[in-house]
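Shown below: input.cif, with mmCIF, C-alpha atoms.
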data_target
loop_
_atom_site.label_atom_id
_atom_site.label_comp_id
_atom_site.auth_asym_id
_atom_site.auth_seq_id
_atom_site.Cartn_x
_atom_site.Cartn_y
_atom_site.Cartn_z
CA MET A 6 0.00 0.00 0.00
CA ALA A 7 3.05 2.27 0.43
CA GLY A 8 3.22 3.07 -3.29
CA ALA A 9 -0.41 4.17 -3.41
CA LYS A 10 0.08 6.40 -0.42
CA ASP A 11 3.06 8.10 -2.04
CA VAL A 12 1.06 8.80 -5.14
CA LYS A 13 -1.77 10.20 -3.05
CA ASN A 14 0.63 12.50 -1.21
CA ARG A 15 2.00 13.76 -4.47
CA ILE A 16 -1.46 14.52 -5.76
CA LYS A 17 -2.14 16.49 -2.62
CA GLY A 18 1.14 18.37 -2.95
CA ILE A 19 0.45 19.31 -6.52
CA LYS A 20 -3.05 20.44 -5.61
CA ASP A 21 -1.59 22.73 -2.96
CA THR A 22 0.91 24.18 -5.40
CA LYS A 23 -1.87 24.73 -7.84
CA LYS A 24 -3.74 26.73 -5.24
CA ILE A 25 -0.73 29.04 -4.96
CA THR A 26 -0.22 29.43 -8.69
CA ASN A 27 -3.90 30.06 -9.14
CA ALA A 28 -3.87 32.74 -6.45
CA MET A 29 -0.82 34.35 -8.07
CA TYR A 30 -2.67 34.35 -11.36
CA LEU A 31 -5.62 36.18 -9.85
CA ILE A 32 -3.44 38.68 -7.98
CA SER A 33 -1.51 39.47 -11.14
CA SER A 34 -4.66 40.12 -13.10
CA THR A 35 -5.96 42.65 -10.54
CA LYS A 36 -2.58 44.35 -10.34
CA LEU A 37 -2.47 44.57 -14.09
CA ARG A 38 -5.85 46.29 -14.21
CA ARG A 39 -4.86 48.82 -11.58
CA ALA A 40 -1.58 49.67 -13.29
CA LYS A 41 -3.36 50.20 -16.59
CA LYS A 42 -5.79 52.58 -14.93
CA SER A 43 -3.07 54.79 -13.47
CA MET A 44 -1.36 54.79 -16.85
CA GLU A 45 -4.51 56.19 -18.46
CA ASP A 46 -4.80 58.92 -15.83
CA ILE A 47 -1.40 60.32 -16.56
CA GLU A 48 -1.78 60.35 -20.34
CA PRO A 49 -3.30 63.82 -20.86
CA TYR A 50 -0.61 65.40 -18.67
CA PHE A 51 2.20 63.59 -20.34
CA TYR A 52 1.12 64.16 -23.94
CA GLY A 53 0.40 67.80 -23.13
CA LEU A 54 3.94 68.30 -21.89
CA GLN A 55 5.29 66.50 -24.91
CA ASN A 56 3.36 68.79 -27.26
CA LEU A 57 4.47 71.83 -25.36
CA MET A 58 8.06 70.76 -25.63
CA GLN A 59 7.81 70.19 -29.36
CA ARG A 60 6.19 73.58 -29.71
CA MET A 61 9.02 75.20 -27.80
CA MET A 62 11.52 73.51 -30.08
CA ARG A 63 9.66 74.69 -33.14
CA HIS A 64 9.44 78.28 -32.05
CA PHE A 65 12.82 78.57 -30.43
CA PRO A 66 15.12 76.22 -32.30
CA GLU A 67 18.14 78.18 -31.11
CA THR A 68 17.44 77.46 -27.43
CA VAL A 69 20.40 75.81 -25.82
CA HIS A 70 19.98 73.66 -22.78
CA PRO A 71 22.51 71.29 -21.25
CA TYR A 72 20.08 68.39 -21.63
CA PHE A 73 20.15 68.77 -25.39
CA LYS A 74 23.91 68.72 -25.59
CA GLY A 75 25.34 65.96 -27.73
CA ASN A 76 28.27 63.78 -26.89
CA GLU A 77 30.44 65.34 -29.58
CA ASP A 78 33.00 66.65 -27.11
CA VAL A 79 33.62 63.25 -25.52
CA PRO A 80 35.67 60.73 -27.52
CA GLU A 81 33.74 57.58 -28.43
CA ASN A 82 35.74 55.23 -26.20
CA GLU A 83 35.43 57.44 -23.13
CA ILE A 84 31.68 57.72 -23.09
CA THR A 85 30.11 56.30 -19.96
CA HIS A 86 26.76 54.85 -20.83
CA GLY A 87 24.03 54.91 -18.26
CA PHE A 88 21.34 52.27 -18.22
CA LEU A 89 18.09 52.20 -16.36
CA VAL A 90 17.19 48.53 -16.24
CA VAL A 91 13.65 47.65 -15.24
CA THR A 92 13.25 44.13 -13.91
CA ALA A 93 10.81 42.45 -11.53
CA ASP A 94 11.23 41.89 -7.82
CA LYS A 95 10.83 38.17 -8.14
CA GLY A 96 10.96 35.49 -10.76
CA LEU A 97 8.12 33.18 -11.71
CA ALA A 98 7.32 35.30 -14.70
CA GLY A 99 8.63 33.27 -17.60
CA SER A 100 11.50 34.85 -19.49
CA TYR A 101 10.55 38.39 -18.45
CA ASN A 102 13.63 39.16 -16.36
CA ILE A 103 16.20 37.36 -18.39
CA ASN A 104 15.20 39.07 -21.63
CA VAL A 105 15.78 42.50 -20.13
CA ILE A 106 19.10 41.46 -18.61
CA LYS A 107 20.37 39.91 -21.84
CA GLU A 108 19.44 43.05 -23.78
CA THR A 109 21.31 45.22 -21.27
CA GLU A 110 24.42 43.08 -21.47
CA LYS A 111 24.33 43.31 -25.23
CA LEU A 112 24.08 47.11 -25.11
CA MET A 113 26.77 47.56 -22.48
CA GLY A 114 29.49 46.47 -24.86
CA LYS A 115 33.00 47.46 -23.89
CA ASN A 116 32.44 51.00 -22.68
CA ALA A 117 32.22 51.93 -19.06
CA ALA A 118 28.66 51.65 -17.88
CA CYS A 119 26.65 52.81 -14.97
CA LEU A 120 23.70 50.60 -14.17
CA TYR A 121 20.62 51.79 -12.38
CA VAL A 122 18.67 48.64 -11.71
CA VAL A 123 15.05 48.64 -10.65
CA GLY A 124 13.80 45.39 -9.15
CA GLU A 125 15.37 42.73 -6.99
CA ALA A 126 15.77 40.09 -9.69
CA GLY A 127 18.01 42.25 -11.87
CA ARG A 128 20.01 43.47 -8.91
CA ARG A 129 20.72 39.94 -7.76
CA TYR A 130 21.77 38.88 -11.22
CA PHE A 131 24.30 41.67 -11.67
CA GLU A 132 25.64 41.28 -8.15
CA HIS A 133 26.12 37.59 -8.75
CA ARG A 134 28.09 38.32 -11.93
CA LYS A 135 30.17 40.93 -10.10
CA ILE A 136 28.98 43.61 -12.50
CA PRO A 137 29.03 46.89 -10.60
CA ILE A 138 25.70 48.60 -10.23
CA GLU A 139 24.72 51.89 -8.69
CA GLY A 140 24.69 51.10 -4.97
CA ASN A 141 22.22 53.59 -3.56
CA PHE A 142 19.70 52.82 -6.21
CA THR A 143 17.36 50.40 -4.50
CA TYR A 144 13.90 50.82 -5.85
CA THR A 145 11.27 48.18 -6.06
CA ALA A 146 9.35 47.45 -9.22
CA GLN A 147 6.14 46.94 -7.29
CA ASN A 148 3.32 49.44 -7.75
CA PRO A 149 5.14 52.11 -9.72
CA THR A 150 4.33 55.61 -8.50
CA ARG A 151 5.06 59.00 -9.92
CA ALA A 152 6.98 59.94 -6.82
CA ARG A 153 9.35 57.05 -7.38
CA ALA A 154 9.73 57.91 -11.05
CA ARG A 155 10.62 61.43 -10.01
CA VAL A 156 13.23 60.31 -7.50
CA ILE A 157 14.75 57.97 -10.07
CA THR A 158 14.82 60.76 -12.64
CA ASN A 159 16.46 63.16 -10.22
CA THR A 160 19.15 60.59 -9.46
CA PHE A 161 20.30 60.17 -13.00
CA LEU A 162 19.76 63.79 -13.99
CA LYS A 163 22.16 64.70 -11.22
CA ASP A 164 24.70 62.16 -12.40
CA TYR A 165 24.26 63.50 -15.90
CA ASP A 166 24.82 67.06 -14.73
CA GLU A 167 27.98 66.01 -12.95
CA GLY A 168 29.25 64.21 -16.02
CA LYS A 169 29.21 60.80 -14.36
CA ILE A 170 27.21 59.46 -17.26
CA ASN A 171 27.15 60.81 -20.79
CA ASP A 172 23.90 59.30 -21.88
CA LEU A 173 21.08 57.23 -20.51
CA THR A 174 19.12 54.41 -22.05
CA VAL A 175 16.12 52.74 -20.50
CA VAL A 176 15.81 49.01 -21.00
CA PHE A 177 12.26 47.90 -20.30
CA THR A 178 9.53 45.62 -21.51
CA ALA A 179 6.44 46.69 -23.36
CA MET A 180 3.45 44.91 -24.77
CA ARG A 181 3.50 44.38 -28.51
CA ASN A 182 -0.10 43.29 -28.40
CA SER A 183 -2.29 41.93 -25.64
CA LEU A 184 -0.38 38.64 -25.60
CA GLU A 185 3.19 39.27 -26.59
CA ALA A 186 5.72 41.31 -24.68
CA GLU A 187 8.96 42.60 -26.13
CA THR A 188 12.07 44.14 -24.68
CA ARG A 189 12.50 47.73 -25.72
CA THR A 190 15.16 50.35 -25.32
CA MET A 191 14.59 54.05 -25.17
CA LYS A 192 17.28 56.69 -25.32
CA LEU A 193 16.39 59.20 -22.65
CA MET A 194 19.36 61.49 -22.28
CA PRO A 195 20.52 63.64 -23.92
CA LEU A 196 17.14 64.58 -25.29
CA GLU A 197 16.71 64.38 -29.00
CA LYS A 198 16.28 67.85 -30.30
CA GLU A 199 13.90 66.70 -32.92
CA MET A 200 13.76 69.39 -35.48
CA ALA A 201 10.31 69.03 -36.82
CA GLU A 202 10.68 70.20 -40.36
CA ASP A 203 8.56 73.15 -41.14
CA ASN A 204 5.66 71.64 -42.95
CA ILE A 205 3.53 74.68 -42.40
CA PRO A 206 3.27 76.76 -45.56
CA PRO A 207 4.82 80.21 -45.20
CA ASP A 208 1.62 82.13 -45.78
CA VAL A 209 -0.12 80.62 -42.76
CA LEU A 210 -0.14 82.94 -39.80
CA ARG A 211 1.78 81.41 -36.94
CA GLU A 212 1.41 82.32 -33.34
CA GLU A 213 4.21 84.26 -31.78
CA PHE A 214 4.79 83.13 -28.26
CA ILE A 215 6.00 85.16 -25.38
CA ILE A 216 8.14 83.01 -23.21
CA HIS A 217 8.09 84.12 -19.63
CA PRO A 218 10.58 84.51 -18.03
CA SER A 219 12.99 82.83 -20.47
CA PRO A 220 13.12 79.73 -22.64
CA LYS A 221 15.75 78.20 -20.41
CA GLU A 222 13.65 78.56 -17.31
CA VAL A 223 10.61 77.16 -19.04
CA LEU A 224 12.65 74.17 -20.20
CA ASP A 225 13.99 73.78 -16.68
CA ALA A 226 10.42 73.51 -15.53
CA ILE A 227 9.25 71.17 -18.28
CA ILE A 228 12.13 68.76 -18.76
CA PRO A 229 12.30 67.03 -15.36
CA PRO A 230 8.57 66.20 -15.22
CA TYR A 231 8.68 65.22 -18.88
CA VAL A 232 11.59 62.83 -18.35
CA ALA A 233 9.98 61.58 -15.14
CA GLY A 234 6.85 60.95 -17.19
CA LEU A 235 8.85 58.86 -19.63
CA VAL A 236 10.43 56.94 -16.78
CA TYR A 237 7.03 56.44 -15.20
CA SER A 238 5.57 55.13 -18.42
CA ALA A 239 8.48 52.72 -18.77
CA LEU A 240 7.97 51.55 -15.18
CA VAL A 241 4.25 51.06 -15.59
CA GLU A 242 4.62 49.43 -18.98
CA SER A 243 7.16 46.99 -17.54
CA TYR A 244 5.00 46.37 -14.50
CA CYS A 245 2.04 45.53 -16.74
CA CYS A 246 4.22 43.17 -18.72
CA GLU A 247 5.56 41.58 -15.57
CA GLN A 248 2.05 40.87 -14.36
CA ASN A 249 1.08 39.66 -17.78
CA SER A 250 4.06 37.31 -18.04
CA ARG A 251 3.32 36.06 -14.57
CA MET A 252 -0.28 35.45 -15.51
CA GLN A 253 0.83 33.46 -18.51
CA ALA A 254 3.43 31.54 -16.52
CA MET A 255 0.90 30.79 -13.81
CA SER A 256 -1.82 29.70 -16.16
CA ALA A 257 0.71 27.39 -17.83
CA ALA A 258 1.59 26.08 -14.37
CA ASN A 259 -2.10 25.53 -13.61
CA ASP A 260 -2.54 23.63 -16.85
CA SER A 261 0.41 21.38 -16.28
CA ALA A 262 -0.66 20.82 -12.67
CA ASP A 263 -4.01 19.60 -13.99
CA GLU A 264 -2.20 17.33 -16.41
CA ILE A 265 0.03 15.84 -13.74
CA ILE A 266 -2.88 15.34 -11.37
CA GLN A 267 -4.75 13.52 -14.11
CA GLU A 268 -1.77 11.26 -14.80
CA LEU A 269 -1.21 10.57 -11.12
CA ARG A 270 -4.86 9.79 -10.56
CA VAL A 271 -4.74 7.16 -13.31
CA LYS A 272 -1.58 5.78 -11.76
CA TYR A 273 -3.18 5.72 -8.32
CA ASN A 274 -6.29 3.98 -9.59
CA ARG A 275 -4.22 1.36 -11.37
CA HIS A 276 -2.21 0.80 -8.27
CA ARG A 277 -5.30 0.40 -6.14
CA GLN A 278 -6.81 -1.94 -8.69
CA ALA A 279 -3.63 -4.02 -8.70
CA ILE A 280 -3.78 -4.32 -4.94
CA ILE A 281 -7.42 -5.36 -4.99
CA THR A 282 -6.75 -7.92 -7.71
CA GLN A 283 -3.90 -9.29 -5.73
CA GLU A 284 -6.00 -9.57 -2.59
CA ILE A 285 -8.72 -11.41 -4.47
CA THR A 286 -6.14 -13.74 -5.94
CA GLU A 287 -4.75 -14.41 -2.48
CA VAL A 288 -8.17 -14.98 -0.92
CA SER A 289 -9.33 -17.30 -3.68
CA ALA A 290 -6.00 -19.14 -3.63
CA GLY A 291 -6.38 -19.61 0.12
CA ALA A 292 -9.94 -20.84 -0.25
CA ARG A 293 -8.88 -23.28 -2.94
CA SER A 294 -6.06 -24.66 -0.80
CA GLY A 295 -8.49 -25.11 2.08
CA ARG A 296 -10.88 -27.12 -0.11
CA ILE A 297 -8.28 -29.53 -1.27
CA MET B 30 -21.27 86.20 -22.04
CA SER B 31 -19.96 83.35 -24.06
CA GLU B 32 -17.94 85.52 -26.46
CA LYS B 33 -15.87 86.71 -23.53
CA THR B 34 -14.89 83.36 -22.11
CA GLY B 35 -11.85 81.30 -22.82
CA SER B 36 -11.26 77.62 -22.51
CA LEU B 37 -9.25 76.42 -19.56
CA ARG B 38 -7.75 73.06 -18.81
CA ILE B 39 -5.88 72.27 -15.62
CA ILE B 40 -4.08 68.99 -16.00
CA SER B 41 -2.14 67.06 -13.40
CA PRO B 42 -0.65 63.58 -13.56
CA ASP B 43 -3.68 62.26 -11.69
CA GLY B 44 -5.94 63.28 -14.52
CA ILE B 45 -7.73 66.37 -15.75
CA PHE B 46 -8.51 68.59 -12.78
CA TYR B 47 -10.70 71.11 -14.56
CA GLU B 48 -11.87 71.46 -18.10
CA GLY B 49 -14.29 74.15 -19.17
CA ARG B 50 -14.84 77.84 -19.77
CA MET B 51 -13.26 80.56 -17.69
CA LEU B 52 -13.49 84.31 -17.28
CA ALA B 53 -10.11 84.67 -15.63
CA VAL B 54 -7.34 82.58 -14.15
CA ILE B 55 -4.74 83.80 -11.69
CA MET B 56 -1.68 81.68 -11.15
CA PRO B 57 1.53 81.84 -9.15
CA SER B 58 4.44 82.56 -11.47
CA LEU B 59 8.14 82.96 -10.75
CA ASP B 60 7.87 86.70 -10.14
CA GLY B 61 4.46 87.08 -8.54
CA GLN B 62 0.94 86.41 -9.58
CA LEU B 63 -0.05 86.34 -13.20
CA GLU B 64 -3.53 86.60 -14.62
CA PHE B 65 -4.77 85.29 -17.93
CA LEU B 66 -8.02 86.69 -19.26
CA PRO B 67 -9.77 85.33 -22.33
CA PHE B 68 -7.96 86.16 -25.58
CA HIS B 69 -4.69 86.60 -23.83
CA GLU B 70 -1.65 86.95 -26.02
CA GLU B 71 0.10 83.69 -26.86
CA MET B 72 2.38 82.89 -23.99
CA ILE B 73 4.22 80.10 -22.23
CA THR B 74 5.14 80.61 -18.62
CA VAL B 75 6.46 78.78 -15.60
CA ILE B 76 4.22 78.16 -12.61
CA ILE B 77 5.48 77.58 -9.10
CA THR B 78 3.86 75.89 -6.14
CA GLY B 79 1.11 78.11 -4.83
CA GLU B 80 -2.55 78.89 -5.07
CA LEU B 81 -4.35 79.10 -8.35
CA ARG B 82 -7.68 80.85 -8.77
CA TYR B 83 -10.04 80.73 -11.67
CA GLN B 84 -13.41 82.25 -12.37
CA THR B 85 -15.87 80.04 -14.13
CA GLU B 86 -18.67 81.14 -16.46
CA ASP B 87 -21.12 81.66 -13.59
CA GLU B 88 -18.70 84.29 -12.23
CA LYS B 89 -17.81 82.14 -9.25
CA TRP B 90 -14.23 81.99 -8.14
CA HIS B 91 -12.59 78.68 -7.40
CA VAL B 92 -9.31 78.08 -5.70
CA ALA B 93 -6.88 75.21 -5.91
CA ALA B 94 -3.48 74.33 -4.50
CA VAL B 95 -1.11 73.55 -7.35
CA GLY B 96 2.44 72.29 -7.69
CA GLY B 97 5.02 73.62 -10.09
CA GLY B 98 4.49 73.37 -13.81
CA VAL B 99 3.88 75.33 -16.96
CA ALA B 100 1.00 77.26 -18.42
CA GLU B 101 0.43 77.87 -22.06
CA THR B 102 -2.16 80.01 -23.71
CA ALA B 103 -2.83 80.19 -27.43
CA ASN B 104 -5.93 80.84 -29.54
CA ASN B 105 -8.01 81.61 -26.46
CA ARG B 106 -7.18 78.22 -25.01
CA CYS B 107 -5.29 78.01 -21.78
CA ASP B 108 -3.64 74.76 -20.73
CA ILE B 109 -2.04 74.51 -17.34
CA TYR B 110 0.15 71.53 -16.55
CA VAL B 111 0.95 71.16 -12.88
CA ASP B 112 2.55 68.59 -10.61
CA PHE B 113 -0.56 68.32 -8.49
CA ALA B 114 -3.86 70.14 -8.19
CA GLU B 115 -6.14 69.90 -5.17
CA LYS B 116 -9.41 71.49 -4.19
CA PRO B 117 -9.55 73.04 -0.70
CA GLU B 118 -12.02 70.42 0.50
CA ASP B 119 -9.78 67.59 -0.66
CA ILE B 120 -6.74 68.77 1.24
CA ASP B 121 -5.76 66.70 4.23
CA LYS B 122 -4.82 69.41 6.70
CA ASN B 123 -3.34 67.08 9.27
CA ARG B 124 -1.07 65.57 6.70
CA ALA B 125 -0.02 68.97 5.45
CA ARG B 126 0.69 70.10 9.00
CA ALA B 127 2.82 67.03 9.64
CA ALA B 128 4.68 67.62 6.37
CA LEU B 129 5.27 71.23 7.37
CA GLU B 130 6.77 70.21 10.67
CA ARG B 131 8.95 67.60 9.04
CA ALA B 132 10.20 70.05 6.44
CA THR B 133 11.03 72.81 8.95
CA GLU B 134 12.82 70.26 11.09
CA GLN B 135 14.90 69.07 8.16
CA MET B 136 15.74 72.56 7.00
CA ARG B 137 17.23 73.36 10.37
CA GLN B 138 19.76 70.57 10.03
CA LYS B 139 22.91 71.14 8.05
CA LYS B 140 22.53 69.18 4.87
CA SER B 141 23.64 69.23 1.27
CA ILE B 142 22.19 71.86 -1.03
CA GLU B 143 20.19 69.20 -2.76
CA GLU B 144 18.55 67.98 0.42
CA TYR B 145 17.91 71.55 1.45
CA LYS B 146 16.12 72.19 -1.82
CA ILE B 147 14.00 69.08 -1.41
CA SER B 148 12.95 70.21 2.08
CA GLN B 149 12.30 73.69 0.76
CA ALA B 150 10.00 72.34 -1.93
CA ALA B 151 8.20 70.18 0.63
CA LEU B 152 7.77 73.22 2.85
CA ALA B 153 6.31 75.24 -0.02
CA ARG B 154 3.86 72.45 -0.81
CA ALA B 155 2.75 72.10 2.79
CA LEU B 156 2.32 75.85 3.28
CA THR B 157 0.33 76.18 0.08
CA ARG B 158 -1.96 73.33 1.04
CA LEU B 159 -2.60 74.79 4.46
CA ARG B 160 -3.24 78.24 3.07
CA VAL B 161 -5.60 77.02 0.36
CA ALA B 162 -7.50 74.73 2.71
CA ASP B 163 -8.57 77.69 4.85
CA ARG B 164 -9.26 80.00 2.01
CA ASP B 165 -12.42 81.45 0.58
CA PRO B 166 -12.08 82.09 -3.12
CA PHE B 167 -12.95 85.83 -2.67
#

How would this structure read if it were set down as structure tokens?
Amino acid sequence: MAGAKDVKNRIKGIKDTKKITNAMYLISSTKLRRAKKSMEDIEPYFYGLQNLMQRMMRHFPETVHPYFKGNEDVPENEITHGFLVVTADKGLAGSYNINVIKETEKLMGKNAACLYVVGEAGRRYFEHRKIPIEGNFTYTAQNPTRARARVITNTFLKDYDEGKINDLTVVFTAMRNSLEAETRTMKLMPLEKEMAEDNIPPDVLREEFIIHPSPKEVLDAIIPPYVAGLVYSALVESYCCEQNSRMQAMSAANDSADEIIQELRVKYNRHRQAIITQEITEVSAGARSGRI
Amino acid sequence: MSEKTGSLRIISPDGIFYEGRMLAVIMPSLDGQLEFLPFHEEMITVIITGELRYQTEDEKWHVAAVGGGVAETANNRCDIYVDFAEKPEDIDKNRARAALERATEQMRQKKSIEEYKISQAALARALTRLRVADRDPF
């Protein structure tokens, strides 16, 4: 009977695990919904700032601001790249973490790099590989907030001001469609001074803006929240993907748990049947021997 | 009346705070208060933490505590983008008072310029919230 008992224990164990994976699935789906909601709230603000910035660039193309400076004055091999790597706090989300990490390693190349890692999983990976990461940068990937995005932004803007990094790229994950996620990179600093070509015909009257008090001060006021908005969107986007990957991983786990339970149940039934058959054989053999 | 109103949008990261017609809007700018009336000249300006007042079509004044940001007006449309925007009744006075205390405490300590600036900004936010919470919009 020992064999049957083992099988029964295993079935029970798998059922318990399934309870956990199922709960994780449900939690992820609620978290995903909440994150999407906060993403929608911020959209008008963010796109408004973006438009405003493009308008500023169009009307005052000659504005100089340190955040638009190129890397021309730094030789190619002396550039220190900065990376903001967005990973999850824990695994169990399919290939979500590893994709981001692989992409970062590919981008790092040979140049000196400064890594700002969000999320425990990424931090552990780089620490394990003895790849130096920014030490005071310990932010969780859970429930991204604007405040956190702002603090993160201030950290690397300061490093950028001080010349510790010459550029900054965000490595994050975004949804390609509702099922597939893909790793994306976004160059954040220095800002692209996208010179929208003048498509407006010359005879159209264009508004003349007064900039108060000065273009530089306006840019000073716009740029940090704009960059923080970008960081926030990357954080939320990644968080959504994390939850989505986890949902997929967990539903796969649920499915395979069902499969294993089914297999084990068949095995258990066979085992029990074998025992019963054997008992009958023994009883009838005993009865026969008694008759003789 | 309608030919004398302008459109006003106050947008914060938490969503659109106000969207509608206005007769006037007074906002805190870097060098004092600044008022936009309908058909104001095209302008982009910086807003600092402080109280913002606007008069809606029914000639009522409303007040809000706002964080730093930018305001833009063009073609009789005024868009104000701020860090936060709160109505007086939504302000948590106890929280603001606690924040005020914390900020004053921190400013007394010798810290780096950066930390000082952070405390200073927190102090400005707390003071604004407290002031707006007790305020009648005229």

Item to check | the PyMOL selection byres ((chain A) within 10 of (chain B)) applied to the shown file, residues as a VMD selection string | outcome: chain A and resid 43 to 51 53 to 54 57 61 151 163 212 to 220 222 to 227 230 234

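Pairwise distance (CA of Tyr231 (chain A), CA of Gln55 (chain A)) equals 7.0 Å.
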
Next on the checklist: Evaluated on this file, the PyMOL selection byres ((chain A and resi 122-125) around 9) picks out some residues - which ones are they, written as an MDAnalysis selection string?
Outcome noted: chainID A and resid 88:95 120:121 126:131 138:139 142:147 240

Next on the checklist: At a cut-off of 9 Å around the point (-11.3, 85.9, -13.9) (file coordinates), what residues fall inside when counting only C-alpha atoms? I'd like the answer as a PyMOL selection string.
Outcome noted: chain B and resi 51-55+64-67+82-85+88-90

Next on the checklist: I want to know what sits within 12 Å of region 25-28 of chain A, based on only C-alpha atoms, with residues of the same chain fewer than 6 positions away left out; could you give that as number ranges by chain?
Outcome noted: A: 18-19, 34-35, 97-98, 251-263

Next on the checklist: For a test of reading the model, state the distance in Å between CA of Ser33 (chain A) and CA of Asn249 (chain A), rounded to one decimal.
Outcome noted: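 Atom-to-atom, CA of Ser33 (chain A) to CA of Asn249 (chain A), that is 7.1 Å.
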
Checklist entry - By how many Å are CA of Lys272 (chain A) and CA of Val12 (chain A) apart? => result 7.7 Å

Checklist entry - Using all atoms listed in the file, which of A:Lys10, A:Lys20, A:Glu187, A:Pro149 sits nearest Ile265 (chain A)? => result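 Using all atoms listed in the file, Ile265 (chain A) sits closest to A:Lys20.
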
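Of the listed residues (B:Ile142, B:Ala93, B:Met136, B:Leu63), B:Ala93 comes nearest to Tyr47 (chain B); the distances count only C-alpha atoms.
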
Checklist entry - the PyMOL selection byres ((chain A and resi 174) around 7) on the file shown: which residues, as JSON, numbers by chain? => result {"A": [87, 88, 89, 172, 173, 175, 176, 190, 191, 192, 193]}

Item to check | Minimum-distance residue to Arg275 (chain A), chosen among A:Gly114, A:Arg189, A:Glu83, A:Gly8 (using all atoms listed in the file) | outcome: A:Gly8

Generate a file for region 123-140 of chain B, containing N, CA and C atoms, as a PDB file, in the first residue's frame.
ATOM      1  N   ASN B 123      -4.243  67.701   8.296  1.00  0.00           N
ATOM      2  CA  ASN B 123      -3.337  67.077   9.266  1.00  0.00           C
ATOM      3  C   ASN B 123      -2.058  66.598   8.597  1.00  0.00           C
ATOM      4  N   ARG B 124      -2.230  66.052   7.410  1.00  0.00           N
ATOM      5  CA  ARG B 124      -1.069  65.565   6.695  1.00  0.00           C
ATOM      6  C   ARG B 124      -0.157  66.727   6.301  1.00  0.00           C
ATOM      7  N   ALA B 125      -0.795  67.808   5.855  1.00  0.00           N
ATOM      8  CA  ALA B 125      -0.016  68.972   5.447  1.00  0.00           C
ATOM      9  C   ALA B 125       0.736  69.549   6.643  1.00  0.00           C
ATOM     10  N   ARG B 126       0.045  69.550   7.804  1.00  0.00           N
ATOM     11  CA  ARG B 126       0.687  70.098   9.004  1.00  0.00           C
ATOM     12  C   ARG B 126       1.892  69.238   9.399  1.00  0.00           C
ATOM     13  N   ALA B 127       1.715  67.934   9.316  1.00  0.00           N
ATOM     14  CA  ALA B 127       2.824  67.029   9.641  1.00  0.00           C
ATOM     15  C   ALA B 127       3.982  67.232   8.672  1.00  0.00           C
ATOM     16  N   ALA B 128       3.640  67.413   7.384  1.00  0.00           N
ATOM     17  CA  ALA B 128       4.677  67.617   6.368  1.00  0.00           C
ATOM     18  C   ALA B 128       5.424  68.923   6.634  1.00  0.00           C
ATOM     19  N   LEU B 129       4.668  69.928   7.061  1.00  0.00           N
ATOM     20  CA  LEU B 129       5.265  71.230   7.366  1.00  0.00           C
ATOM     21  C   LEU B 129       6.288  71.102   8.487  1.00  0.00           C
ATOM     22  N   GLU B 130       5.863  70.396   9.531  1.00  0.00           N
ATOM     23  CA  GLU B 130       6.770  70.207  10.669  1.00  0.00           C
ATOM     24  C   GLU B 130       8.035  69.468  10.250  1.00  0.00           C
ATOM     25  N   ARG B 131       7.825  68.410   9.484  1.00  0.00           N
ATOM     26  CA  ARG B 131       8.953  67.602   9.040  1.00  0.00           C
ATOM     27  C   ARG B 131       9.922  68.450   8.223  1.00  0.00           C
ATOM     28  N   ALA B 132       9.351  69.257   7.327  1.00  0.00           N
ATOM     29  CA  ALA B 132      10.201  70.054   6.441  1.00  0.00           C
ATOM     30  C   ALA B 132      10.988  71.110   7.222  1.00  0.00           C
ATOM     31  N   THR B 133      10.311  71.779   8.168  1.00  0.00           N
ATOM     32  CA  THR B 133      11.033  72.808   8.951  1.00  0.00           C
ATOM     33  C   THR B 133      12.138  72.156   9.749  1.00  0.00           C
ATOM     34  N   GLU B 134      11.826  71.006  10.317  1.00  0.00           N
ATOM     35  CA  GLU B 134      12.820  70.262  11.086  1.00  0.00           C
ATOM     36  C   GLU B 134      14.051  69.969  10.235  1.00  0.00           C
ATOM     37  N   GLN B 135      13.787  69.472   9.023  1.00  0.00           N
ATOM     38  CA  GLN B 135      14.896  69.072   8.163  1.00  0.00           C
ATOM     39  C   GLN B 135      15.703  70.269   7.683  1.00  0.00           C
ATOM     40  N   MET B 136      15.005  71.395   7.500  1.00  0.00           N
ATOM     41  CA  MET B 136      15.737  72.557   7.003  1.00  0.00           C
ATOM     42  C   MET B 136      16.674  73.126   8.051  1.00  0.00           C
ATOM     43  N   ARG B 137      16.359  72.858   9.316  1.00  0.00           N
ATOM     44  CA  ARG B 137      17.226  73.360  10.373  1.00  0.00           C
ATOM     45  C   ARG B 137      18.550  72.615  10.430  1.00  0.00           C
ATOM     46  N   GLN B 138      18.523  71.353   9.989  1.00  0.00           N
ATOM     47  CA  GLN B 138      19.757  70.575  10.031  1.00  0.00           C
ATOM     48  C   GLN B 138      20.667  70.983   8.890  1.00  0.00           C
ATOM     49  N   LYS B 139      21.969  70.818   9.121  1.00  0.00           N
ATOM     50  CA  LYS B 139      22.913  71.135   8.053  1.00  0.00           C
ATOM     51  C   LYS B 139      22.948  69.964   7.087  1.00  0.00           C
ATOM     52  N   LYS B 140      22.598  70.249   5.867  1.00  0.00           N
ATOM     53  CA  LYS B 140      22.530  69.180   4.875  1.00  0.00           C
ATOM     54  C   LYS B 140      23.086  69.702   3.562  1.00  0.00           C
TER      55      LYS B 140
END
